[in-house]
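> Structure provided below as structure tokens; questions to follow.
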Amino acid sequence: MYAIVYFNFSGNKDEFKEAKNTLLDVSKKFDNLELMDILIPSSDWNYAALIKFDKFETFTKYIKKTREEPITFFAKRGLHPPPKKLELLVDINHLE
């Protein structure tokens with residue numbers, strides 16, 4: 001399965017690079033989950049993270065882990081994670 005997590009980020013280029021690296025590092029702690037990339041979508045959102053995973057439970061654990069202190073860029077600065085919008089891309093095999 002794939003998930004697209006849209007989010008807005010207000011910070012400078014170096015802060016974004018650090019936040020992106022944090023999200024990548026957290027994703028490496030999970031088997032069967034890969035943060036493919038963070039892209040600029042053609043929508044109202046600033047960025048979109050494309051995440052590939054085997055089970056929805058794995059994905060929800062990843063999202064929870066990105067909000068725990070002191071792992072995230074946001075937590076280190078006393079900030080809340082940016083607002084998000086989630087879309088799931090599910091192939092027919094996962095629907096059966």
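Chain labels follow the order of the structure tokens: the first chain is A, the next B, and so on; residue numbering restarts at 1 in every chain, and ligands are counted from 1 in their shown order.
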Would you pick out the contacts of Pro41 of chain A at 12 Å or less, using only C-alpha atoms, so that residues sharing its chain but fewer than 3 positions from it are not included, and give the list as a ChimeraX atom specification?

/A:4-8,37-38,44-50

> Output N, CA and C atoms of each residue in that selection to a file, as an mmCIF file, in the first residue's frame.


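again.cif, written as the output of this step:
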```
data_model
loop_
_atom_site.group_PDB
_atom_site.id
_atom_site.type_symbol
_atom_site.label_atom_id
_atom_site.label_comp_id
_atom_site.auth_asym_id
_atom_site.auth_seq_id
_atom_site.Cartn_x
_atom_site.Cartn_y
_atom_site.Cartn_z
ATOM 1 N N ILE A 4 -0.150 8.947 0.702
ATOM 2 C CA ILE A 4 0.348 10.283 0.413
ATOM 3 C C ILE A 4 -0.087 11.161 1.582
ATOM 4 N N VAL A 5 0.876 11.704 2.286
ATOM 5 C CA VAL A 5 0.581 12.583 3.414
ATOM 6 C C VAL A 5 0.957 13.996 2.990
ATOM 7 N N TYR A 6 -0.051 14.829 2.820
ATOM 8 C CA TYR A 6 0.160 16.225 2.435
ATOM 9 C C TYR A 6 0.388 17.048 3.690
ATOM 10 N N PHE A 7 1.304 18.003 3.627
ATOM 11 C CA PHE A 7 1.510 18.879 4.778
ATOM 12 C C PHE A 7 2.083 20.222 4.334
ATOM 13 N N ASN A 8 1.897 21.211 5.198
ATOM 14 C CA ASN A 8 2.462 22.540 4.987
ATOM 15 C C ASN A 8 3.607 22.726 5.969
ATOM 16 N N ASP A 37 9.811 9.535 -0.834
ATOM 17 C CA ASP A 37 10.345 10.879 -1.063
ATOM 18 C C ASP A 37 9.338 11.891 -0.551
ATOM 19 N N ILE A 38 9.781 13.127 -0.467
ATOM 20 C CA ILE A 38 8.885 14.238 -0.167
ATOM 21 C C ILE A 38 8.875 15.118 -1.406
ATOM 22 N N ASP A 44 -3.087 22.627 -2.893
ATOM 23 C CA ASP A 44 -3.004 23.707 -1.905
ATOM 24 C C ASP A 44 -1.939 23.448 -0.851
ATOM 25 N N TRP A 45 -1.393 22.234 -0.807
ATOM 26 C CA TRP A 45 -0.414 21.867 0.211
ATOM 27 C C TRP A 45 0.997 22.136 -0.291
ATOM 28 N N ASN A 46 1.920 22.446 0.643
ATOM 29 C CA ASN A 46 3.308 22.722 0.273
ATOM 30 C C ASN A 46 4.076 21.475 -0.156
ATOM 31 N N TYR A 47 3.865 20.384 0.583
ATOM 32 C CA TYR A 47 4.643 19.169 0.349
ATOM 33 C C TYR A 47 3.761 17.934 0.463
ATOM 34 N N ALA A 48 4.233 16.848 -0.137
ATOM 35 C CA ALA A 48 3.544 15.557 -0.025
ATOM 36 C C ALA A 48 4.600 14.473 0.179
ATOM 37 N N ALA A 49 4.436 13.688 1.232
ATOM 38 C CA ALA A 49 5.333 12.564 1.503
ATOM 39 C C ALA A 49 4.686 11.304 0.939
ATOM 40 N N LEU A 50 5.438 10.584 0.111
ATOM 41 C CA LEU A 50 4.961 9.320 -0.447
ATOM 42 C C LEU A 50 5.568 8.190 0.376
#
```

> Chain A: which residues are helix (DSSP H, G or I) by DSSP, as a PyMOL selection string?

chain A and resi 13-27+56-65+73-76+92-95

> So that I can check the secondary structure, give me every residue of chain A assigned strand (DSSP E) by backbone DSSP, as a list in words.

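Strand (DSSP E) assignments inside chain A correspond to Tyr2, Ala3, Ile4, Val5, Tyr6, Phe7, Leu33, Glu34, Leu35, Met36, Asp37, Ile38, Leu39, Tyr47, Ala48, Ala49, Leu50, Ile51, Lys52, Phe53, Lys84, Lys85, Leu86, Glu87, Leu88 and Leu89 of chain A.
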
> Report, in Å to a single decimal, how far apart atom CA of Ile63 of chain A and atom CA of Val26 of chain A are.

9.3 Å

> I'd like to know which of A:Arg77, A:Ala19, A:Ile51, A:Lys61 is closest to Ala3 of chain A, using only C-alpha atoms.

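Among the listed residues, A:Ile51 lies closest to Ala3 of chain A.
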